[in-house]
$ cat structure_22.txt   # compact mmCIF, C-alpha atoms and all ligand atoms
# COMPACT_ATOMS: atom_id res chain seq x y z
CA MET W 1 30.28 -73.34 -167.42
CA PRO W 2 29.76 -76.57 -169.37
CA TYR W 3 26.40 -78.19 -168.79
CA CYS W 4 27.67 -81.46 -167.44
CA GLY W 5 31.05 -81.33 -165.79
CA PRO W 6 32.25 -84.28 -163.72
CA ALA W 7 30.98 -82.68 -160.51
CA ASP W 8 27.38 -82.91 -161.76
CA LEU W 9 27.52 -86.59 -162.48
CA PRO W 10 26.60 -88.18 -159.13
CA THR W 11 23.40 -86.11 -158.93
CA LEU W 12 22.51 -87.01 -162.48
CA VAL W 13 23.07 -90.69 -161.79
CA LEU W 14 20.57 -90.52 -158.94
CA ARG W 15 18.04 -88.71 -161.08
CA VAL W 16 18.14 -90.95 -164.11
CA GLN W 17 18.44 -94.32 -162.40
CA PRO W 18 15.16 -96.22 -162.80
CA ALA W 19 14.71 -99.58 -161.10
CA SER W 20 16.00 -101.41 -164.18
CA GLY W 21 19.03 -99.19 -164.62
CA ASN W 22 17.95 -98.54 -168.22
CA VAL W 23 16.10 -95.75 -169.89
CA VAL W 24 12.72 -97.12 -170.89
CA GLY W 25 12.33 -98.02 -174.54
CA GLY W 26 15.67 -99.27 -175.69
CA ARG W 27 19.13 -100.59 -175.05
CA TYR W 28 20.48 -97.11 -174.51
CA SER W 29 21.54 -96.68 -170.93
CA ALA W 30 21.92 -93.19 -169.51
CA LEU W 31 24.14 -94.69 -166.84
CA ALA W 32 26.42 -96.15 -169.51
CA GLY W 33 26.61 -92.70 -171.09
CA ILE W 34 27.58 -91.18 -167.77
CA ARG W 35 30.18 -93.88 -167.11
CA ARG W 36 31.67 -93.29 -170.57
CA ALA W 37 31.80 -89.59 -169.79
CA LYS W 38 33.61 -90.24 -166.52
CA ALA W 39 36.10 -92.54 -168.20
CA GLY W 40 36.70 -90.00 -170.95
CA GLY W 41 37.37 -87.11 -168.57
CA GLY W 42 33.90 -85.58 -168.56
CA ASP W 43 34.13 -82.51 -170.79
CA PRO W 44 31.56 -83.05 -173.54
CA ASP W 45 33.28 -80.71 -175.95
CA LYS W 46 36.51 -82.68 -175.69
CA GLN W 47 34.76 -85.86 -176.77
CA GLU W 48 34.31 -86.76 -180.36
CA GLY W 49 31.84 -88.55 -182.55
CA ASP W 50 29.46 -90.84 -180.73
CA CYS W 51 31.18 -90.48 -177.35
CA ARG W 52 29.10 -87.56 -176.16
CA VAL W 53 27.93 -87.30 -172.61
CA HIS W 54 24.41 -88.78 -172.74
CA GLY W 55 24.90 -89.14 -176.47
CA PRO W 56 23.61 -92.00 -178.56
CA ASP W 57 24.79 -95.49 -177.72
CA PRO W 58 27.61 -96.13 -180.23
CA ALA W 59 26.72 -99.82 -180.23
CA VAL W 60 23.35 -99.11 -181.84
CA VAL W 61 22.50 -97.68 -185.27
CA ASP W 62 19.03 -96.29 -184.63
CA LEU W 63 17.28 -95.61 -187.92
CA ARG W 64 13.71 -95.71 -186.59
CA SER W 65 13.18 -91.96 -186.84
CA ASP W 66 14.99 -88.65 -186.97
CA THR W 67 13.34 -87.85 -183.64
CA VAL W 68 15.72 -90.15 -181.71
CA THR W 69 18.69 -87.75 -181.73
CA ARG W 70 20.33 -86.62 -178.50
CA PRO W 71 21.17 -82.94 -178.14
CA THR W 72 24.83 -82.26 -178.86
CA PRO W 73 27.09 -80.94 -176.10
CA ALA W 74 27.04 -77.45 -177.61
CA MET W 75 23.25 -77.53 -177.86
CA ARG W 76 22.98 -78.68 -174.25
CA ARG W 77 25.23 -75.81 -173.20
CA ALA W 78 23.13 -73.30 -175.13
CA MET W 79 20.06 -74.67 -173.36
CA ALA W 80 21.65 -74.56 -169.94
CA GLU W 81 22.77 -70.99 -170.39
CA ALA W 82 19.60 -69.60 -172.00
CA PRO W 83 18.03 -66.51 -170.46
CA VAL W 84 14.46 -67.39 -169.50
CA GLY W 85 11.24 -65.87 -168.18
CA ASP W 86 7.62 -66.91 -167.85
CA ASP W 87 6.46 -67.43 -171.43
CA VAL W 88 2.79 -67.53 -170.43
CA PHE W 89 3.32 -63.84 -169.57
CA GLY W 90 5.30 -63.43 -172.83
CA ASP W 91 8.42 -62.79 -170.74
CA ASP W 92 10.81 -65.41 -172.04
CA PRO W 93 13.45 -63.67 -174.18
CA THR W 94 14.71 -66.90 -175.72
CA VAL W 95 11.23 -68.01 -176.77
CA ASN W 96 10.55 -64.53 -178.14
CA LEU W 97 13.79 -64.60 -180.13
CA LEU W 98 13.01 -68.05 -181.52
CA GLN W 99 9.53 -66.93 -182.56
CA GLU W 100 10.97 -63.88 -184.34
CA ARG W 101 13.56 -66.00 -186.13
CA VAL W 102 10.99 -68.55 -187.26
CA ALA W 103 8.57 -65.89 -188.47
CA ALA W 104 11.41 -64.23 -190.41
CA ALA W 105 12.62 -67.52 -191.92
CA LEU W 106 9.10 -68.31 -193.09
CA GLY W 107 8.29 -64.77 -194.23
CA LYS W 108 5.33 -64.57 -191.86
CA ALA W 109 4.31 -61.78 -189.50
CA ALA W 110 4.31 -63.92 -186.36
CA ALA W 111 5.12 -67.34 -184.93
CA LEU W 112 4.29 -69.30 -181.80
CA PHE W 113 6.48 -71.85 -180.03
CA VAL W 114 4.63 -75.05 -179.13
CA PRO W 115 5.72 -78.37 -177.62
CA SER W 116 5.12 -80.62 -180.62
CA GLY W 117 4.39 -80.83 -184.32
CA THR W 118 1.09 -82.44 -183.51
CA MET W 119 0.05 -79.50 -181.38
CA ALA W 120 1.14 -77.03 -184.07
CA ASN W 121 -0.99 -78.82 -186.67
CA GLU W 122 -4.00 -79.25 -184.42
CA ILE W 123 -3.91 -75.60 -183.35
CA ALA W 124 -3.73 -74.58 -187.02
CA ILE W 125 -6.84 -76.63 -187.77
CA ARG W 126 -8.66 -75.05 -184.82
CA VAL W 127 -7.60 -71.60 -186.03
CA HIS W 128 -8.95 -72.10 -189.55
CA ALA W 129 -11.96 -74.39 -189.15
CA GLN W 130 -15.21 -74.57 -187.20
CA PRO W 131 -17.02 -77.66 -185.86
CA GLY W 132 -18.86 -79.25 -188.79
CA ASP W 133 -16.23 -78.14 -191.29
CA GLU W 134 -14.32 -80.55 -193.49
CA ILE W 135 -10.58 -80.66 -194.06
CA ILE W 136 -9.06 -81.87 -197.32
CA ALA W 137 -5.84 -83.84 -197.00
CA GLN W 138 -3.92 -86.63 -198.68
CA ALA W 139 -4.87 -90.07 -197.35
CA ASP W 140 -1.39 -90.80 -195.98
CA SER W 141 -0.97 -87.50 -194.19
CA HIS W 142 0.48 -87.41 -190.69
CA ILE W 143 -2.49 -85.38 -189.47
CA TYR W 144 -4.90 -88.09 -190.58
CA HIS W 145 -2.82 -91.11 -189.58
CA TYR W 146 -0.89 -90.21 -186.50
CA GLU W 147 -2.64 -87.41 -184.69
CA THR W 148 -5.14 -89.63 -182.86
CA GLY W 149 -8.21 -88.27 -184.62
CA GLY W 150 -7.31 -84.80 -183.34
CA PRO W 151 -9.22 -82.86 -186.03
CA ALA W 152 -12.47 -84.56 -184.93
CA ALA W 153 -11.74 -84.46 -181.21
CA LEU W 154 -10.29 -80.97 -180.91
CA SER W 155 -11.93 -79.06 -183.76
CA GLY W 156 -15.08 -81.06 -184.56
CA CYS W 157 -13.98 -81.48 -188.19
CA SER W 158 -14.30 -84.38 -190.61
CA MET W 159 -11.56 -85.16 -193.11
CA ARG W 160 -11.92 -85.70 -196.84
CA LEU W 161 -9.02 -87.80 -198.04
CA LEU W 162 -7.38 -87.54 -201.44
CA ALA W 163 -5.49 -90.26 -203.26
CA GLY W 164 -2.11 -89.24 -204.57
CA ALA W 165 1.28 -90.78 -205.15
CA ARG W 166 3.85 -90.35 -202.37
CA GLY W 167 1.65 -87.91 -200.47
CA MET W 168 1.13 -85.48 -203.33
CA PHE W 169 -1.98 -84.40 -205.23
CA ASP W 170 -3.03 -81.64 -207.61
CA GLY W 171 -5.51 -78.80 -207.84
CA ASP W 172 -8.04 -80.90 -209.76
CA ALA W 173 -8.20 -83.36 -206.86
CA VAL W 174 -8.95 -80.47 -204.50
CA ARG W 175 -11.61 -79.09 -206.85
CA ALA W 176 -13.26 -82.53 -207.04
CA ALA W 177 -13.24 -82.89 -203.24
CA VAL W 178 -14.79 -79.55 -202.35
CA ARG W 179 -18.41 -79.82 -201.22
CA ALA W 180 -21.08 -77.80 -202.96
CA PRO W 181 -22.69 -75.08 -200.84
CA ASP W 182 -25.62 -77.13 -199.64
CA SER W 183 -27.14 -77.17 -196.18
CA HIS W 184 -26.94 -80.98 -196.10
CA LEU W 185 -23.19 -81.08 -196.61
CA ALA W 186 -20.11 -80.39 -194.54
CA HIS W 187 -18.43 -77.08 -195.28
CA SER W 188 -15.03 -77.49 -196.96
CA ALA W 189 -12.71 -75.18 -195.05
CA LEU W 190 -9.07 -76.09 -195.26
CA VAL W 191 -6.48 -77.87 -197.39
CA LEU W 192 -3.46 -79.52 -195.77
CA ILE W 193 -0.16 -80.20 -197.50
CA GLU W 194 2.73 -82.11 -195.89
CA ASN W 195 6.26 -81.36 -197.11
CA THR W 196 8.39 -83.44 -196.91
CA HIS W 197 5.83 -86.21 -196.74
CA ASN W 198 6.54 -88.75 -194.03
CA ARG W 199 4.54 -91.78 -195.20
CA GLY W 200 5.28 -90.75 -198.78
CA GLY W 201 8.91 -91.74 -198.08
CA GLY W 202 10.22 -88.23 -197.38
CA SER W 203 8.96 -87.07 -200.77
CA VAL W 204 9.54 -83.42 -201.60
CA TRP W 205 6.83 -81.29 -203.16
CA PRO W 206 8.05 -79.32 -206.18
CA LEU W 207 7.38 -75.64 -205.51
CA ALA W 208 5.39 -75.28 -208.75
CA ASP W 209 3.01 -78.06 -207.63
CA VAL W 210 2.49 -76.40 -204.26
CA ALA W 211 1.74 -73.13 -206.02
CA GLU W 212 -0.77 -74.82 -208.33
CA VAL W 213 -2.66 -76.61 -205.54
CA CYS W 214 -2.69 -73.52 -203.35
CA ALA W 215 -3.92 -71.24 -206.15
CA THR W 216 -6.78 -73.65 -206.83
CA ALA W 217 -7.66 -73.87 -203.14
CA ARG W 218 -7.66 -70.08 -202.81
CA ASP W 219 -9.97 -69.75 -205.84
CA LEU W 220 -12.31 -72.13 -204.05
CA GLY W 221 -12.23 -69.98 -200.91
CA LEU W 222 -10.29 -72.51 -198.82
CA LYS W 223 -7.62 -71.84 -196.20
CA LEU W 224 -4.24 -73.54 -196.45
CA HIS W 225 -1.98 -75.09 -193.83
CA LEU W 226 1.46 -76.60 -194.45
CA ASP W 227 2.64 -79.40 -192.16
CA GLY W 228 6.30 -78.53 -192.56
CA ALA W 229 7.67 -80.76 -189.83
CA ARG W 230 10.52 -81.45 -192.28
CA LEU W 231 10.25 -78.34 -194.44
CA TRP W 232 13.96 -77.77 -193.80
CA ASN W 233 14.71 -81.06 -195.58
CA ALA W 234 12.54 -80.02 -198.53
CA CYS W 235 14.47 -76.75 -198.79
CA ILE W 236 17.85 -78.46 -198.64
CA ARG W 237 16.73 -80.80 -201.40
CA THR W 238 15.27 -78.15 -203.70
CA GLY W 239 17.39 -75.11 -202.85
CA HIS W 240 14.27 -73.03 -202.19
CA ALA W 241 14.04 -70.86 -199.08
CA PRO W 242 11.44 -71.86 -196.46
CA ALA W 243 9.60 -68.62 -197.23
CA ASP W 244 9.26 -69.62 -200.90
CA TYR W 245 7.05 -72.50 -199.80
CA ALA W 246 5.45 -70.72 -196.84
CA ARG W 247 4.11 -67.77 -198.81
CA HIS W 248 1.45 -70.00 -200.38
CA PHE W 249 -0.06 -70.92 -197.00
CA ASP W 250 -2.03 -69.18 -194.27
CA THR W 251 -0.14 -71.09 -191.60
CA VAL W 252 2.95 -73.27 -191.53
CA SER W 253 4.13 -75.65 -188.81
CA VAL W 254 7.81 -76.54 -188.50
CA CYS W 255 9.64 -78.89 -186.12
CA PHE W 256 13.01 -78.59 -184.43
CA SER W 257 12.95 -82.08 -182.93
CA LYS W 258 13.14 -84.07 -186.19
CA GLY W 259 16.11 -83.68 -188.54
CA LEU W 260 17.36 -80.57 -186.75
CA GLY W 261 18.18 -82.56 -183.63
CA ALA W 262 16.62 -80.44 -180.88
CA PRO W 263 15.06 -82.41 -178.04
CA ILE W 264 11.64 -80.71 -178.07
CA GLY W 265 9.66 -78.13 -179.93
CA SER W 266 7.81 -76.93 -182.98
CA ALA W 267 6.39 -73.63 -184.14
CA LEU W 268 3.36 -72.36 -185.98
CA ALA W 269 3.74 -69.28 -188.17
CA GLY W 270 1.16 -67.08 -189.87
CA SER W 271 -0.45 -63.64 -189.80
CA VAL W 272 -0.67 -61.70 -186.54
CA ALA W 273 -4.40 -62.44 -186.35
CA ALA W 274 -3.89 -66.18 -186.96
CA ILE W 275 -1.14 -66.40 -184.34
CA GLN W 276 -3.22 -64.45 -181.81
CA ARG W 277 -5.94 -67.06 -182.24
CA ALA W 278 -3.33 -69.81 -182.11
CA HIS W 279 -2.08 -68.41 -178.80
CA ARG W 280 -5.51 -68.85 -177.29
CA PHE W 281 -5.81 -72.44 -178.55
CA ARG W 282 -2.29 -73.30 -177.39
CA LYS W 283 -3.46 -72.38 -173.89
CA MET W 284 -6.70 -74.33 -174.33
CA PHE W 285 -4.82 -77.43 -175.49
CA GLY W 286 -2.51 -77.22 -172.47
CA GLY W 287 0.54 -76.02 -174.37
CA GLY W 288 1.29 -72.86 -172.39
CA MET W 289 4.80 -73.32 -171.03
CA ARG W 290 6.66 -71.29 -168.43
CA GLN W 291 10.50 -71.01 -168.58
CA ALA W 292 10.39 -72.56 -172.03
CA GLY W 293 13.53 -70.70 -173.10
CA ILE W 294 15.50 -73.74 -171.94
CA ILE W 295 14.02 -75.76 -174.79
CA ALA W 296 13.65 -72.84 -177.20
CA ALA W 297 17.43 -72.43 -176.92
CA GLY W 298 17.88 -75.97 -178.26
CA ALA W 299 15.60 -75.08 -181.17
CA LEU W 300 17.49 -71.84 -181.85
CA TYR W 301 20.79 -73.69 -181.76
CA ALA W 302 19.39 -76.24 -184.20
CA LEU W 303 18.16 -73.52 -186.56
CA GLU W 304 21.54 -71.81 -186.53
CA HIS W 305 23.74 -74.88 -186.86
CA HIS W 306 21.94 -77.94 -188.15
CA ILE W 307 20.15 -77.00 -191.35
CA PRO W 308 22.97 -77.25 -193.93
CA ARG W 309 24.06 -80.63 -192.55
CA LEU W 310 20.70 -82.15 -193.56
CA ALA W 311 22.35 -82.69 -196.95
CA GLU W 312 24.54 -85.34 -195.26
CA ASP W 313 21.43 -87.17 -194.03
CA HIS W 314 20.02 -87.10 -197.56
CA ALA W 315 23.22 -88.49 -199.05
CA ARG W 316 23.27 -91.31 -196.48
CA ALA W 317 19.62 -92.10 -197.15
CA GLU W 318 20.41 -92.34 -200.85
CA ARG W 319 23.33 -94.69 -200.13
CA LEU W 320 21.14 -96.88 -197.93
CA ALA W 321 18.40 -96.94 -200.58
CA THR W 322 20.84 -98.02 -203.28
CA ALA W 323 22.13 -100.85 -201.10
CA LEU W 324 18.65 -102.00 -200.10
CA ALA W 325 17.39 -101.97 -203.68
CA GLU W 326 20.08 -104.53 -204.61
CA LEU W 327 18.81 -107.10 -202.11
CA PRO W 328 16.57 -109.96 -203.26
CA GLY W 329 13.01 -109.60 -202.01
CA VAL W 330 13.28 -105.85 -201.40
CA ARG W 331 11.23 -103.43 -203.48
CA LEU W 332 12.51 -99.87 -203.55
CA ASP W 333 13.14 -97.38 -206.31
CA PRO W 334 16.17 -95.36 -205.12
CA PRO W 335 15.36 -92.19 -207.14
CA THR W 336 12.17 -91.85 -205.08
CA VAL W 337 14.32 -91.29 -201.99
CA GLU W 338 14.61 -87.52 -202.01
CA SER W 339 15.38 -86.65 -198.41
CA ASN W 340 16.19 -88.59 -195.21
CA ILE W 341 13.36 -91.17 -195.16
CA VAL W 342 13.73 -94.57 -196.84
CA ILE W 343 10.62 -96.74 -197.09
CA PHE W 344 10.82 -100.17 -198.70
CA GLU W 345 8.55 -103.16 -199.27
CA LEU W 346 9.49 -106.76 -198.59
CA ASP W 347 8.21 -109.52 -200.84
CA PRO W 348 6.29 -112.06 -198.75
CA GLY W 349 9.06 -114.60 -199.45
CA ALA W 350 11.50 -112.33 -197.65
CA GLY W 351 9.46 -112.55 -194.43
CA THR W 352 7.36 -109.93 -192.71
CA ALA W 353 8.51 -106.45 -191.88
CA ARG W 354 8.29 -107.29 -188.20
CA ASP W 355 10.59 -110.35 -188.60
CA PHE W 356 13.05 -108.39 -190.71
CA VAL W 357 13.24 -105.60 -188.17
CA ALA W 358 13.60 -108.11 -185.31
CA ARG W 359 16.53 -109.80 -187.07
CA LEU W 360 18.25 -106.47 -187.67
CA ARG W 361 17.72 -105.57 -184.04
CA GLU W 362 19.62 -108.68 -182.95
CA HIS W 363 22.60 -106.97 -184.61
CA ALA W 364 21.89 -103.58 -183.00
CA VAL W 365 20.49 -101.99 -186.17
CA TRP W 366 17.06 -100.53 -185.55
CA MET W 367 14.44 -99.82 -188.20
CA LEU W 368 10.65 -99.52 -187.99
CA ALA W 369 8.01 -101.89 -189.39
CA ILE W 370 5.25 -99.50 -190.53
CA ALA W 371 3.00 -102.04 -192.30
CA PRO W 372 2.99 -105.84 -192.57
CA GLN W 373 5.49 -105.77 -195.49
CA ARG W 374 6.81 -102.22 -195.20
CA VAL W 375 9.87 -100.96 -193.34
CA ARG W 376 11.09 -97.42 -192.67
CA ALA W 377 14.63 -96.22 -192.04
CA VAL W 378 15.47 -92.57 -191.37
CA THR W 379 18.91 -90.97 -191.34
CA HIS W 380 19.72 -88.17 -188.92
CA LEU W 381 22.28 -86.28 -186.88
CA ASP W 382 23.28 -89.33 -184.85
CA VAL W 383 23.90 -91.64 -187.83
CA SER W 384 27.48 -91.36 -189.02
CA ASP W 385 29.02 -92.78 -192.20
CA ALA W 386 30.49 -95.60 -190.11
CA GLY W 387 27.08 -96.31 -188.56
CA LEU W 388 25.48 -96.38 -191.97
CA ASP W 389 28.17 -98.74 -193.29
CA ARG W 390 27.38 -101.07 -190.41
CA ALA W 391 23.64 -100.85 -191.12
CA ILE W 392 24.26 -101.72 -194.78
CA ARG W 393 26.51 -104.67 -193.86
CA THR W 394 23.87 -105.89 -191.45
CA VAL W 395 20.95 -105.73 -193.90
CA ARG W 396 23.08 -107.63 -196.43
CA GLU W 397 23.98 -110.32 -193.86
CA VAL W 398 20.42 -110.67 -192.62
CA SER W 399 19.12 -110.86 -196.17
CA ALA W 400 21.78 -113.44 -197.18
CA ALA W 401 21.00 -115.57 -194.11
CA ARG W 402 17.35 -115.53 -195.04
CA THR W 403 18.05 -116.52 -198.67
CA ALA W 404 20.38 -119.34 -197.54
CA ARG W 405 17.79 -120.87 -195.18
CA PRO W 406 16.41 -124.25 -196.37
CA PRO W 407 12.75 -124.04 -197.35
CA THR W 408 10.47 -125.02 -194.50
CA ALA W 409 8.71 -128.38 -194.97
CA SER W 410 4.96 -128.17 -195.57
CA PRO W 411 2.90 -129.68 -192.76
C1 LIG G 501 5.06 -84.87 -191.07
C2 LIG G 501 4.89 -84.82 -189.59
N1 LIG G 501 4.08 -83.91 -189.06
C3 LIG G 501 3.90 -83.82 -187.74
C4 LIG G 501 4.56 -84.65 -186.87
C5 LIG G 501 4.28 -84.57 -185.40
O1 LIG G 501 5.35 -84.15 -184.64
P1 LIG G 501 5.42 -84.46 -183.07
O2 LIG G 501 5.89 -85.87 -182.95
O3 LIG G 501 6.39 -83.45 -182.58
O4 LIG G 501 4.07 -84.27 -182.51
C6 LIG G 501 5.43 -85.62 -187.39
C7 LIG G 501 6.14 -86.54 -186.47
O5 LIG G 501 6.95 -87.33 -186.87
C8 LIG G 501 5.59 -85.72 -188.78
O6 LIG G 501 6.37 -86.64 -189.34
$ encode --input "structure_22.txt" --output "structure tokens"
Amino acid sequence: MPYCGPADLPTLVLRVQPASGNVVGGRYSALAGIRRAKAGGGDPDKQEGDCRVHGPDPAVVDLRSDTVTRPTPAMRRAMAEAPVGDDVFGDDPTVNLLQERVAAALGKAAALFVPSGTMANEIAIRVHAQPGDEIIAQADSHIYHYETGGPAALSGCSMRLLAGARGMFDGDAVRAAVRAPDSHLAHSALVLIENTHNRGGGSVWPLADVAEVCATARDLGLKLHLDGARLWNACIRTGHAPADYARHFDTVSVCFSKGLGAPIGSALAGSVAAIQRAHRFRKMFGGGMRQAGIIAAGALYALEHHIPRLAEDHARAERLATALAELPGVRLDPPTVESNIVIFELDPGAGTARDFVARLREHAVWMLAIAPQRVRAVTHLDVSDAGLDRAIRTVREVSAARTARPPTASP
């Protein structure tokens, strides 16, 4: 039975209708999605393109992140029909299957399904490090920037940050950062690599560089964790298998809710001993889930169907980067765009990132201001060629309007 036939709609309307009639956080209206579905006859699989039941609002090109995707009708059906059990007892067959698939894809002995990439990373740190230990990571890493100080709060660890272009560094940098064995100093325990690198503009680590850094770290007696939230994108770009990267690390986290388009979920993979420890910390961090097969089914569907199509996201990101780089006041080197993330700088004369993003938003194109002069755009499953064309037209128009404006008089 399809997940959302017309008969289900009245109940869904009641459930999703907040006081404002809108889903919090954007122009997207679940009610509008439902009304479109009713008008279009209701069967999600008979609808095309952007007109999915509860799909993205076709009026908006949302390039803020690849996490904004809505599950496709087929993914929703897989979720609705998934066999489930209580995963805290290890009884959920869909979660167990997902964990087996992830472990196999990464060439690891075991894997653990967790709610988020953040939890996967923070559990990995807790698995490998003790309070008072120090973690070595690149200064722009997600774990340092966006995980709310988790390594300090959850594992009692300090972080030693490395410089490095576009999120990457080499073995010498690790060697220089390791503390000497001295009772006054923190104990260097773990090296983190992020691939692709989010704040690095979706940069992709060459496999040889990963191997070099990891060999150095191992010589120094350090553990290694890969934040592979977008490892799938790195593999599509390089042609390497996920296991080719993963074999250099003790643990690897991967996400299903970024480019792969699942609504929720990440996994941590490693040795049986590491994943047994991770299981304990997942429970401690509040990540034990019950009939989680419902969401694991979305992740499984994504793994089976949405990896090869990441190449389309990369091609669109490249096209967007080329168009942006031609605009006056925009600084971006298109060859540095290697996957689905486009980060560009605005010259001060072109206004602030916040203004630029606000002007785009007036035309229903959404990007993210990530620093005073820096903007991020990310392509994903819900950005079509037509949507990207519209985004490109809009950035050109907004940029031209800015250039045409008379200079403001000095006070
Ligand atoms: C590189 C990287 N790692 C980890 C995460 C955290 O994932 P989540 O938002 O599922 O916690 C993100 C989120 O965007 C990310 O970009």
$ residues_near_ligand --input "structure_22.txt" --ligand "ligand LIG 501 (chain G)" --cutoff "7 Å" --atoms "all atoms listed in the file" --output "list of chain:residue names"
W:Ser116, W:Gly117, W:Thr118, W:Met119, W:His142, W:Ile143, W:Glu194, W:Thr196, W:His197, W:Asn198, W:Asp227, W:Gly228, W:Ala229, W:Arg230, W:Cys255, W:Ser257, W:Gly265, W:Ser266
$ closest_residue --input "structure_22.txt" --among "W:Ile275, W:Ala364, W:Ala129, W:Val342" --to "W:Val114" --atoms "all atoms listed in the file"
W:Ile275
$ closest_residue --input "structure_22.txt" --among "W:Arg166, W:Arg331, W:His314, W:Arg64" --to "W:Gly201" --atoms "all atoms listed in the file"
W:Arg166
$ atom_distance --input "structure_22.txt" --atom1 "atom CA of W:Asp140" --atom2 "atom CA of W:Leu224"
17.5 Å
$ closest_atom_pairs --input "structure_22.txt" --of "stretch 58-126 of chain W" --to "stretch 293-307 of chain W" --cutoff "6 Å" --atoms "all atoms listed in the file" --output "Markdown table"
| residue | atom | partner | partner_atom | distance |
| --- | --- | --- | --- | --- |
| W:Met75 | CA | W:Gly298 | CA | 5.6 |
| W:Met79 | CA | W:Ile294 | CA | 4.9 |
| W:Ala82 | CA | W:Ile294 | CA | 5.8 |
| W:Val84 | CA | W:Gly293 | CA | 5.0 |
| W:Thr94 | CA | W:Gly293 | CA | 4.8 |
| W:Val95 | CA | W:Gly293 | CA | 5.1 |
| W:Leu98 | CA | W:Leu300 | CA | 5.9 |
$ closest_residue --input "structure_22.txt" --among "W:Gly239, W:Gly202, W:Gly107, W:Gly55" --to "W:Ala377" --atoms "all atoms listed in the file"
W:Gly202
